[in-house]
file work17.tsv (TSV, C-alpha atoms and all ligand atoms)
chain	number	residue	atom	x	y	z
A	1	MET	CA	23.01	-13.66	-21.06
A	2	LYS	CA	23.07	-9.85	-20.81
A	3	VAL	CA	19.88	-7.80	-20.81
A	4	PRO	CA	19.56	-6.17	-24.28
A	5	ASP	CA	19.79	-2.35	-24.72
A	6	ILE	CA	16.16	-1.76	-23.89
A	7	ILE	CA	14.17	1.01	-22.23
A	8	ILE	CA	12.23	0.03	-19.13
A	9	ALA	CA	9.28	2.36	-18.47
A	10	ILE	CA	7.82	2.42	-14.97
A	11	ASP	CA	4.64	4.39	-14.43
A	12	GLY	CA	2.14	4.63	-11.64
A	13	TYR	CA	0.50	6.64	-8.91
A	14	SER	CA	2.32	8.89	-6.42
A	15	SER	CA	4.48	7.13	-3.85
A	16	THR	CA	3.92	3.62	-5.15
A	17	GLY	CA	7.66	3.13	-4.74
A	18	LYS	CA	8.48	3.65	-8.42
A	19	SER	CA	11.82	5.30	-7.81
A	20	THR	CA	12.95	2.73	-5.22
A	21	PHE	CA	12.01	-0.11	-7.55
A	22	ALA	CA	13.54	1.65	-10.58
A	23	LYS	CA	16.83	2.21	-8.72
A	24	LEU	CA	16.84	-1.40	-7.58
A	25	ILE	CA	16.45	-2.86	-11.03
A	26	SER	CA	18.77	-0.32	-12.66
A	27	LYS	CA	21.46	-1.57	-10.29
A	28	ASP	CA	20.53	-5.20	-10.83
A	29	PHE	CA	20.67	-4.80	-14.64
A	30	GLY	CA	23.52	-2.25	-14.86
A	31	PHE	CA	21.18	0.36	-16.38
A	32	LEU	CA	20.99	4.14	-15.82
A	33	TYR	CA	18.05	5.32	-13.72
A	34	LEU	CA	16.23	8.53	-14.64
A	35	ASP	CA	13.42	10.12	-12.62
A	36	SER	CA	11.15	12.10	-14.96
A	37	GLY	CA	9.22	13.54	-12.01
A	38	ALA	CA	12.41	15.28	-10.88
A	39	LEU	CA	12.32	17.44	-14.02
A	40	TYR	CA	8.69	18.45	-13.33
A	41	ARG	CA	9.70	19.18	-9.76
A	42	GLY	CA	12.65	21.24	-11.04
A	43	VAL	CA	10.37	23.37	-13.23
A	44	THR	CA	8.07	23.82	-10.23
A	45	LEU	CA	10.92	24.93	-7.98
A	46	PHE	CA	12.01	27.38	-10.65
A	47	ALA	CA	8.45	28.76	-10.96
A	48	LEU	CA	8.11	29.13	-7.18
A	49	GLU	CA	11.49	30.83	-6.76
A	50	SER	CA	10.80	33.17	-9.69
A	51	GLY	CA	7.49	34.25	-8.17
A	52	PHE	CA	5.47	32.75	-11.03
A	53	ILE	CA	3.12	30.93	-8.62
A	54	LYS	CA	1.07	33.13	-6.31
A	55	ASP	CA	-1.74	31.74	-4.14
A	56	GLY	CA	-1.93	28.71	-6.40
A	57	ASP	CA	-2.23	30.78	-9.60
A	58	ILE	CA	0.43	30.15	-12.23
A	59	ASP	CA	1.60	33.09	-14.33
A	60	LEU	CA	1.72	31.28	-17.69
A	61	GLU	CA	2.66	34.43	-19.58
A	62	ARG	CA	5.93	34.60	-17.71
A	63	LEU	CA	6.58	30.89	-17.13
A	64	ILE	CA	6.22	29.63	-20.71
A	65	PRO	CA	8.77	32.00	-22.34
A	66	ALA	CA	11.18	31.41	-19.43
A	67	LEU	CA	11.32	27.67	-20.26
A	68	ASP	CA	13.52	28.50	-23.28
A	69	GLY	CA	16.44	29.49	-21.09
A	70	LEU	CA	15.83	27.03	-18.28
A	71	ASP	CA	18.61	24.50	-17.76
A	72	ILE	CA	17.42	21.56	-15.67
A	73	HIS	CA	19.39	18.38	-16.17
A	74	PHE	CA	20.86	15.30	-14.49
A	75	GLU	CA	24.47	15.08	-13.34
A	76	ASP	CA	26.51	12.41	-11.49
A	77	GLY	CA	24.20	9.74	-12.81
A	78	SER	CA	20.78	10.69	-11.53
A	79	LYS	CA	21.12	13.93	-9.49
A	80	THR	CA	18.94	16.87	-10.55
A	81	TYR	CA	20.60	20.23	-11.28
A	82	MET	CA	19.32	23.69	-12.16
A	83	GLY	CA	22.27	25.27	-13.94
A	84	GLN	CA	25.22	24.53	-11.66
A	85	ARG	CA	23.12	24.13	-8.53
A	86	CYS	CA	22.16	20.70	-7.19
A	87	ILE	CA	18.44	20.91	-6.34
A	88	GLU	CA	17.92	17.28	-5.35
A	89	SER	CA	16.61	18.03	-1.83
A	90	GLU	CA	14.77	21.31	-2.59
A	91	ILE	CA	12.55	19.58	-5.17
A	92	ARG	CA	11.25	17.03	-2.64
A	93	THR	CA	9.58	19.46	-0.19
A	94	LEU	CA	5.83	19.47	0.42
A	95	GLU	CA	5.73	23.01	-1.03
A	96	VAL	CA	7.00	21.73	-4.39
A	97	SER	CA	4.77	18.62	-4.14
A	98	GLY	CA	1.81	20.95	-3.62
A	99	SER	CA	2.35	22.76	-6.93
A	100	VAL	CA	3.95	20.15	-9.17
A	101	SER	CA	0.84	18.53	-10.63
A	102	PRO	CA	-0.72	21.78	-11.92
A	103	ILE	CA	2.69	22.67	-13.39
A	104	ALA	CA	2.97	19.20	-15.01
A	105	ALA	CA	-0.47	19.66	-16.57
A	106	ILE	CA	0.76	22.60	-18.71
A	107	PRO	CA	1.32	21.30	-22.30
A	108	GLN	CA	4.41	23.51	-22.88
A	109	VAL	CA	6.00	22.20	-19.68
A	110	ARG	CA	5.35	18.62	-20.81
A	111	CYS	CA	6.91	19.40	-24.16
A	112	TYR	CA	10.01	20.87	-22.43
A	113	VAL	CA	10.41	17.77	-20.24
A	114	ASP	CA	9.60	15.19	-22.97
A	115	LYS	CA	12.32	16.58	-25.23
A	116	LYS	CA	14.93	16.10	-22.51
A	117	LEU	CA	13.69	12.62	-21.61
A	118	ARG	CA	13.79	11.43	-25.23
A	119	GLU	CA	17.39	12.65	-25.59
A	120	PHE	CA	18.38	10.56	-22.57
A	121	GLY	CA	16.58	7.54	-23.94
A	122	GLU	CA	18.31	7.51	-27.32
A	123	LYS	CA	20.92	4.95	-26.35
A	124	GLY	CA	18.64	2.63	-24.37
A	125	ARG	CA	19.80	0.83	-21.22
A	126	ILE	CA	17.74	3.12	-19.04
A	127	VAL	CA	15.04	2.69	-16.45
A	128	MET	CA	12.78	5.74	-16.38
A	129	ASP	CA	9.90	6.31	-13.99
A	130	GLY	CA	6.98	8.71	-14.17
A	131	ARG	CA	3.33	8.93	-15.19
A	132	ASP	CA	3.38	8.72	-18.98
A	133	ILE	CA	6.69	7.08	-19.88
A	134	GLY	CA	5.15	3.92	-21.35
A	135	THR	CA	2.24	5.76	-22.98
A	136	THR	CA	3.69	9.01	-24.35
A	137	VAL	CA	7.43	9.45	-23.85
A	138	PHE	CA	8.51	5.96	-24.95
A	139	PRO	CA	5.41	4.17	-26.27
A	140	ASN	CA	7.78	1.63	-27.87
A	141	ALA	CA	9.60	0.80	-24.63
A	142	GLN	CA	10.32	-2.92	-24.64
A	143	LEU	CA	9.29	-3.40	-21.02
A	144	LYS	CA	6.54	-1.46	-19.25
A	145	ILE	CA	5.53	-1.71	-15.63
A	146	PHE	CA	2.57	0.00	-13.97
A	147	MET	CA	2.75	0.28	-10.19
A	148	VAL	CA	-0.16	0.56	-7.79
A	149	ALA	CA	-0.49	0.36	-4.00
A	150	ASP	CA	-3.03	1.02	-1.27
A	151	ASP	CA	-3.56	4.77	-0.47
A	152	ASN	CA	-2.66	4.51	3.21
A	153	VAL	CA	0.41	2.41	2.52
A	154	ARG	CA	1.58	5.02	0.01
A	155	ALA	CA	0.98	7.94	2.38
A	156	GLN	CA	2.80	6.11	5.17
A	157	ARG	CA	5.81	5.56	2.91
A	158	ARG	CA	5.97	9.22	1.95
A	159	TYR	CA	5.45	10.24	5.61
A	160	ASP	CA	8.30	7.96	6.79
A	161	GLU	CA	10.56	9.30	4.06
A	162	MET	CA	9.96	12.88	5.23
A	163	VAL	CA	10.44	12.00	8.90
A	164	ALA	CA	13.73	10.28	8.02
A	165	LYS	CA	14.85	13.59	6.50
A	166	GLY	CA	14.13	15.40	9.77
A	167	GLU	CA	10.83	16.96	8.65
A	168	THR	CA	7.66	16.99	10.76
A	169	PRO	CA	4.84	16.26	8.31
A	170	ASP	CA	1.18	15.81	9.12
A	171	PHE	CA	-0.05	12.37	7.94
A	172	GLU	CA	-3.44	13.63	6.77
A	173	GLU	CA	-1.75	16.43	4.84
A	174	VAL	CA	0.55	13.93	3.09
A	175	LEU	CA	-2.40	11.65	2.24
A	176	LYS	CA	-4.38	14.62	0.91
A	177	ASN	CA	-1.47	15.70	-1.31
A	178	LEU	CA	-1.17	12.19	-2.80
A	179	LYS	CA	-4.87	12.00	-3.60
A	180	GLU	CA	-4.90	15.48	-5.09
A	181	ARG	CA	-1.96	14.68	-7.33
A	182	ASP	CA	-3.48	11.34	-8.39
A	183	HIS	CA	-6.63	13.17	-9.37
A	184	ILE	CA	-4.90	15.96	-11.32
A	185	ASP	CA	-2.47	13.50	-12.96
A	186	SER	CA	-5.21	11.12	-14.13
A	187	THR	CA	-7.70	13.71	-15.34
A	188	ARG	CA	-5.47	16.25	-17.12
A	189	GLU	CA	-5.88	16.63	-20.87
A	190	THR	CA	-2.27	16.20	-21.97
A	191	SER	CA	-0.77	12.74	-21.36
A	192	PRO	CA	-2.88	11.73	-18.36
A	193	LEU	CA	-1.63	9.01	-16.05
A	194	ARG	CA	-2.98	5.71	-17.31
A	195	GLN	CA	-1.83	2.14	-17.65
A	196	ALA	CA	-0.36	1.23	-21.04
A	197	GLU	CA	-2.16	-1.77	-22.53
A	198	ASP	CA	1.05	-3.77	-22.70
A	199	ALA	CA	2.23	-2.95	-19.16
A	200	PHE	CA	2.74	-5.51	-16.41
A	201	VAL	CA	0.90	-4.39	-13.27
A	202	MET	CA	2.61	-4.60	-9.89
A	203	ASP	CA	0.65	-4.02	-6.67
A	204	ASN	CA	3.39	-3.72	-4.08
A	205	SER	CA	1.22	-2.85	-1.05
A	206	ASP	CA	2.49	-5.96	0.72
A	207	MET	CA	5.69	-6.69	-1.13
A	208	THR	CA	9.23	-6.48	0.22
A	209	LEU	CA	12.02	-5.11	-1.98
A	210	HIS	CA	13.37	-8.62	-2.30
A	211	GLU	CA	10.01	-9.83	-3.58
A	212	GLU	CA	9.98	-6.97	-6.09
A	213	THR	CA	13.37	-8.08	-7.44
A	214	VAL	CA	12.17	-11.67	-7.70
A	215	TRP	CA	9.01	-10.48	-9.49
A	216	MET	CA	11.10	-8.52	-11.98
A	217	ARG	CA	13.47	-11.38	-12.62
A	218	GLY	CA	10.45	-13.59	-13.35
A	219	ILE	CA	9.31	-11.11	-16.01
A	220	LEU	CA	12.79	-10.92	-17.48
A	221	GLN	CA	12.94	-14.67	-17.73
A	222	GLY	CA	9.48	-14.95	-19.29
A	223	ARG	CA	9.98	-12.10	-21.76
A	224	PHE	CA	13.65	-12.45	-22.74
A	225	GLY	CA	14.63	-15.89	-21.44
A	226	ILE	CA	17.27	-14.34	-19.19
A	227	LEU	CA	17.91	-16.06	-15.88
A	228	ASP	CA	20.63	-13.80	-14.46
A	229	PRO	CA	20.71	-10.18	-15.67
A	230	ARG	CA	24.33	-9.62	-14.62
A	231	ALA	CA	25.77	-12.88	-15.98
B	1	LIG	O1	5.95	11.92	-5.45
B	1	LIG	P1	6.22	10.99	-6.55
B	1	LIG	O2	7.59	10.38	-6.52
B	1	LIG	O3	5.18	9.99	-6.74
B	1	LIG	O4	6.12	11.90	-7.83
B	1	LIG	P2	7.22	12.28	-8.87
B	1	LIG	O5	7.56	11.09	-9.71
B	1	LIG	O6	8.32	13.01	-8.20
B	1	LIG	O7	6.41	13.29	-9.81
B	1	LIG	C1	5.91	14.51	-9.32
B	1	LIG	C2	4.76	14.98	-10.18
B	1	LIG	O8	5.23	15.24	-11.51
B	1	LIG	C3	3.62	13.99	-10.36
B	1	LIG	O9	2.64	14.09	-9.34
B	1	LIG	C4	3.04	14.41	-11.70
B	1	LIG	O10	2.16	15.48	-11.55
B	1	LIG	C5	4.24	14.90	-12.46
B	1	LIG	N1	4.77	13.93	-13.42
B	1	LIG	C6	4.15	13.82	-14.64
B	1	LIG	O11	3.16	14.47	-14.90
B	1	LIG	N2	4.66	12.99	-15.60
B	1	LIG	C7	5.75	12.26	-15.35
B	1	LIG	N3	6.25	11.48	-16.32
B	1	LIG	C8	6.38	12.32	-14.09
B	1	LIG	C9	5.86	13.16	-13.13
call {"tool": "encode", "arguments": {"input": "work17.tsv", "output": "structure tokens"}}
result
Amino acid sequence: MKVPDIIIAIDGYSSTGKSTFAKLISKDFGFLYLDSGALYRGVTLFALESGFIKDGDIDLERLIPALDGLDIHFEDGSKTYMGQRCIESEIRTLEVSGSVSPIAAIPQVRCYVDKKLREFGEKGRIVMDGRDIGTTVFPNAQLKIFMVADDNVRAQRRYDEMVAKGETPDFEEVLKNLKERDHIDSTRETSPLRQAEDAFVMDNSDMTLHEETVWMRGILQGRFGILDPRA
């Protein structure tokens, strides 16, 4: 039995492994994966490069009108582009991570991103990860997952990811950034990060990727009676 044309919403704290898990199940189910955080990171990169963020202050009077002409989109499946330029690696730097949560707290920025996300979701068969996918962007998503993991485990994952890319991060700095973003994301006024009531919670602090797949297949079987998503 094939998985129906549903939307799978994956939300949770920074570096809980949402994108790894989302990619894994999108492949397992033959769905398209979309990373909503990449759009917030794209807006942040744009704001930084345009000089709209100085010493942590965001120039809203210039940023908000500029959103009208800003073309951030996905190409080749899930790669992030600004106009014709692929910005996939530029949006993952610590500089962008340091400014993204204040940018994502701006209601007009959320509106800009939500509109794009809903367009992608029209046809279903997508796995989307973020902070408010199951609560605000697609409150009717047929399957919602909320991911949590221990703070140090999360920071170590992000640290290892950066080292693998040839960067030389400071562990404490990475941990601090995660905590700061968690705080801003959960306390902002517009669409704060919170668990949807009908979400399944996964704590993957000690889980392998294989265990995550098995966990997901268990949910699929319980919810839709499907034993093999690719059969
Ligand atoms: O670093 P990580 O992969 O955990 O974060 P991300 O998914 O790339 O998202 C970066 C930032 O964008 C988050 O810290 C949030 O501030 C914001 N975001 C959001 O507000 N709502 C979403 N649906 C996705 C991301």
call {"tool": "residues_near_point", "arguments": {"input": "work17.tsv", "point": "(0.8, 30.6, -20.1)", "cutoff": "10 Å", "atoms": "only C-alpha atoms", "output": "list in words"}}
result
Ile58, Asp59, Leu60, Glu61, Arg62, Leu63, Ile64, Pro65, Ile106, Pro107, Gln108 and Val109 of chain A
call {"tool": "write_last_selection", "arguments": {"input": "work17.tsv", "atoms": "C-alpha atoms", "output": "PDB file, keeping the file's coordinate frame"}}
result
ATOM      1  CA  ILE A  58       0.430  30.150 -12.230  1.00  0.00           C
ATOM      2  CA  ASP A  59       1.600  33.090 -14.330  1.00  0.00           C
ATOM      3  CA  LEU A  60       1.720  31.280 -17.690  1.00  0.00           C
ATOM      4  CA  GLU A  61       2.660  34.430 -19.580  1.00  0.00           C
ATOM      5  CA  ARG A  62       5.930  34.600 -17.710  1.00  0.00           C
ATOM      6  CA  LEU A  63       6.580  30.890 -17.130  1.00  0.00           C
ATOM      7  CA  ILE A  64       6.220  29.630 -20.710  1.00  0.00           C
ATOM      8  CA  PRO A  65       8.770  32.000 -22.340  1.00  0.00           C
ATOM      9  CA  ILE A 106       0.760  22.600 -18.710  1.00  0.00           C
ATOM     10  CA  PRO A 107       1.320  21.300 -22.300  1.00  0.00           C
ATOM     11  CA  GLN A 108       4.410  23.510 -22.880  1.00  0.00           C
ATOM     12  CA  VAL A 109       6.000  22.200 -19.680  1.00  0.00           C
TER      13      VAL A 109
END
call {"tool": "residues_near_ligand", "arguments": {"input": "work17.tsv", "ligand": "ligand LIG 1 (chain B)", "cutoff": "6 Å", "atoms": "only C-alpha atoms and all ligand atoms", "output": "list in words"}}
result
Ser14, Ser15, Ser36, Gly37, Ala38, Tyr40, Val100, Ser101, Ala104, Gly130, Arg131, Asp132, Ile133, Arg181 and Asp185 of chain A
call {"tool": "closest_residue", "arguments": {"input": "work17.tsv", "among": "A:Phe120, A:Leu178, A:Gly51, A:Gln84", "to": "A:Asn152", "atoms": "only C-alpha atoms"}}
result
A:Leu178
call {"tool": "axis_aligned_box", "arguments": {"input": "work17.tsv", "around": "stretch 91-108 of chain A", "padding_each_side": "6 Å", "output": "AutoDock Vina command-line options"}}
result
--center_x 5.9 --center_y 20.3 --center_z -11.2 --size_x 25.3 --size_y 18.5 --size_z 35.3
call {"tool": "closest_residue", "arguments": {"input": "work17.tsv", "among": "A:Ile72, A:Ile7, A:Ile184, A:Cys111", "to": "A:Tyr33", "atoms": "all atoms listed in the file"}}
result
A:Ile7
call {"tool": "atom_distance", "arguments": {"input": "work17.tsv", "atom1": "atom CA of A:Glu95", "atom2": "atom CA of A:Leu48"}}
result
9.0 Å
call {"tool": "closest_residue", "arguments": {"input": "work17.tsv", "among": "A:Gly124, A:Gly17, A:Gly166, A:Gly30", "to": "A:Ala141", "atoms": "only C-alpha atoms"}}
result
A:Gly124
call {"tool": "atom_distance", "arguments": {"input": "work17.tsv", "atom1": "atom CA of A:Leu32", "atom2": "atom CA of A:Thr208"}}
result
22.5 Å
call {"tool": "closest_residue", "arguments": {"input": "work17.tsv", "among": "A:Glu161, A:Pro169, A:Asp150, A:Val127", "to": "A:Ser205", "atoms": "all atoms listed in the file"}}
result
A:Asp150
call {"tool": "closest_residue", "arguments": {"input": "work17.tsv", "among": "A:Lys123, A:Lys116, A:Asp11, A:Pro139", "to": "A:His73", "atoms": "all atoms listed in the file"}}
result
A:Lys116
call {"tool": "residues_around", "arguments": {"input": "work17.tsv", "residues": "stretch 211-219 of chain A", "least_positions_apart": "6", "cutoff": "9 Å", "atoms": "only C-alpha atoms", "output": "PyMOL selection string"}}
result
chain A and resi 21+24-25+28+200+202+204+225-229
call {"tool": "atom_distance", "arguments": {"input": "work17.tsv", "atom1": "atom CA of A:Phe74", "atom2": "atom CA of A:Val43"}}
result
13.3 Å
call {"tool": "closest_residue", "arguments": {"input": "work17.tsv", "among": "A:Tyr159, A:Phe224, A:Phe52, A:Phe146", "to": "A:Arg194", "atoms": "all atoms listed in the file"}}
result
A:Phe146
call {"tool": "residues_near_point", "arguments": {"input": "work17.tsv", "point": "(1.5, 9.7, -4.8)", "cutoff": "10 Å", "atoms": "only C-alpha atoms", "output": "ChimeraX atom specification"}}
result
/A:12-18,97,148-149,151,154-155,157-158,174-183,185
call {"tool": "write_last_selection", "arguments": {"input": "work17.tsv", "atoms": "C-alpha atoms", "output": "tab-separated table (two decimals), in the frame of the given file"}}
result
chain	number	residue	atom	x	y	z
A	12	GLY	CA	2.14	4.63	-11.64
A	13	TYR	CA	0.50	6.64	-8.91
A	14	SER	CA	2.32	8.89	-6.42
A	15	SER	CA	4.48	7.13	-3.85
A	16	THR	CA	3.92	3.62	-5.15
A	17	GLY	CA	7.66	3.13	-4.74
A	18	LYS	CA	8.48	3.65	-8.42
A	97	SER	CA	4.77	18.62	-4.14
A	148	VAL	CA	-0.16	0.56	-7.79
A	149	ALA	CA	-0.49	0.36	-4.00
A	151	ASP	CA	-3.56	4.77	-0.47
A	154	ARG	CA	1.58	5.02	0.01
A	155	ALA	CA	0.98	7.94	2.38
A	157	ARG	CA	5.81	5.56	2.91
A	158	ARG	CA	5.97	9.22	1.95
A	174	VAL	CA	0.55	13.93	3.09
A	175	LEU	CA	-2.40	11.65	2.24
A	176	LYS	CA	-4.38	14.62	0.91
A	177	ASN	CA	-1.47	15.70	-1.31
A	178	LEU	CA	-1.17	12.19	-2.80
A	179	LYS	CA	-4.87	12.00	-3.60
A	180	GLU	CA	-4.90	15.48	-5.09
A	181	ARG	CA	-1.96	14.68	-7.33
A	182	ASP	CA	-3.48	11.34	-8.39
A	183	HIS	CA	-6.63	13.17	-9.37
A	185	ASP	CA	-2.47	13.50	-12.96
call {"tool": "build_atoms", "arguments": {"input": "work17.tsv", "residues": "stretch 43-55 of chain A", "atoms": "N, CA and C atoms", "output": "PDB file, keeping the file's coordinate frame"}}
result
ATOM      1  N   VAL A  43      11.090  22.241 -12.604  1.00  0.00           N
ATOM      2  CA  VAL A  43      10.370  23.370 -13.230  1.00  0.00           C
ATOM      3  C   VAL A  43       9.513  24.055 -12.161  1.00  0.00           C
ATOM      4  N   THR A  44       8.926  23.259 -11.281  1.00  0.00           N
ATOM      5  CA  THR A  44       8.070  23.820 -10.230  1.00  0.00           C
ATOM      6  C   THR A  44       8.886  24.670  -9.261  1.00  0.00           C
ATOM      7  N   LEU A  45      10.056  24.164  -8.873  1.00  0.00           N
ATOM      8  CA  LEU A  45      10.920  24.930  -7.980  1.00  0.00           C
ATOM      9  C   LEU A  45      11.308  26.258  -8.629  1.00  0.00           C
ATOM     10  N   PHE A  46      11.648  26.177  -9.902  1.00  0.00           N
ATOM     11  CA  PHE A  46      12.010  27.380 -10.650  1.00  0.00           C
ATOM     12  C   PHE A  46      10.838  28.379 -10.645  1.00  0.00           C
ATOM     13  N   ALA A  47       9.627  27.884 -10.905  1.00  0.00           N
ATOM     14  CA  ALA A  47       8.450  28.760 -10.960  1.00  0.00           C
ATOM     15  C   ALA A  47       8.180  29.393  -9.592  1.00  0.00           C
ATOM     16  N   LEU A  48       8.347  28.606  -8.534  1.00  0.00           N
ATOM     17  CA  LEU A  48       8.110  29.130  -7.180  1.00  0.00           C
ATOM     18  C   LEU A  48       9.152  30.205  -6.846  1.00  0.00           C
ATOM     19  N   GLU A  49      10.411  29.889  -7.112  1.00  0.00           N
ATOM     20  CA  GLU A  49      11.490  30.830  -6.760  1.00  0.00           C
ATOM     21  C   GLU A  49      11.429  32.098  -7.611  1.00  0.00           C
ATOM     22  N   SER A  50      10.876  31.991  -8.811  1.00  0.00           N
ATOM     23  CA  SER A  50      10.800  33.170  -9.690  1.00  0.00           C
ATOM     24  C   SER A  50       9.560  33.996  -9.413  1.00  0.00           C
ATOM     25  N   GLY A  51       8.711  33.510  -8.492  1.00  0.00           N
ATOM     26  CA  GLY A  51       7.490  34.250  -8.170  1.00  0.00           C
ATOM     27  C   GLY A  51       6.409  34.084  -9.230  1.00  0.00           C
ATOM     28  N   PHE A  52       6.478  32.974  -9.992  1.00  0.00           N
ATOM     29  CA  PHE A  52       5.470  32.750 -11.030  1.00  0.00           C
ATOM     30  C   PHE A  52       4.236  32.021 -10.491  1.00  0.00           C
ATOM     31  N   ILE A  53       4.303  31.575  -9.215  1.00  0.00           N
ATOM     32  CA  ILE A  53       3.120  30.930  -8.620  1.00  0.00           C
ATOM     33  C   ILE A  53       2.733  31.741  -7.398  1.00  0.00           C
ATOM     34  N   LYS A  54       1.535  32.339  -7.456  1.00  0.00           N
ATOM     35  CA  LYS A  54       1.070  33.130  -6.310  1.00  0.00           C
ATOM     36  C   LYS A  54      -0.323  32.657  -5.922  1.00  0.00           C
ATOM     37  N   ASP A  55      -0.465  32.246  -4.662  1.00  0.00           N
ATOM     38  CA  ASP A  55      -1.740  31.740  -4.140  1.00  0.00           C
ATOM     39  C   ASP A  55      -2.323  30.651  -5.050  1.00  0.00           C
TER      40      ASP A  55
END
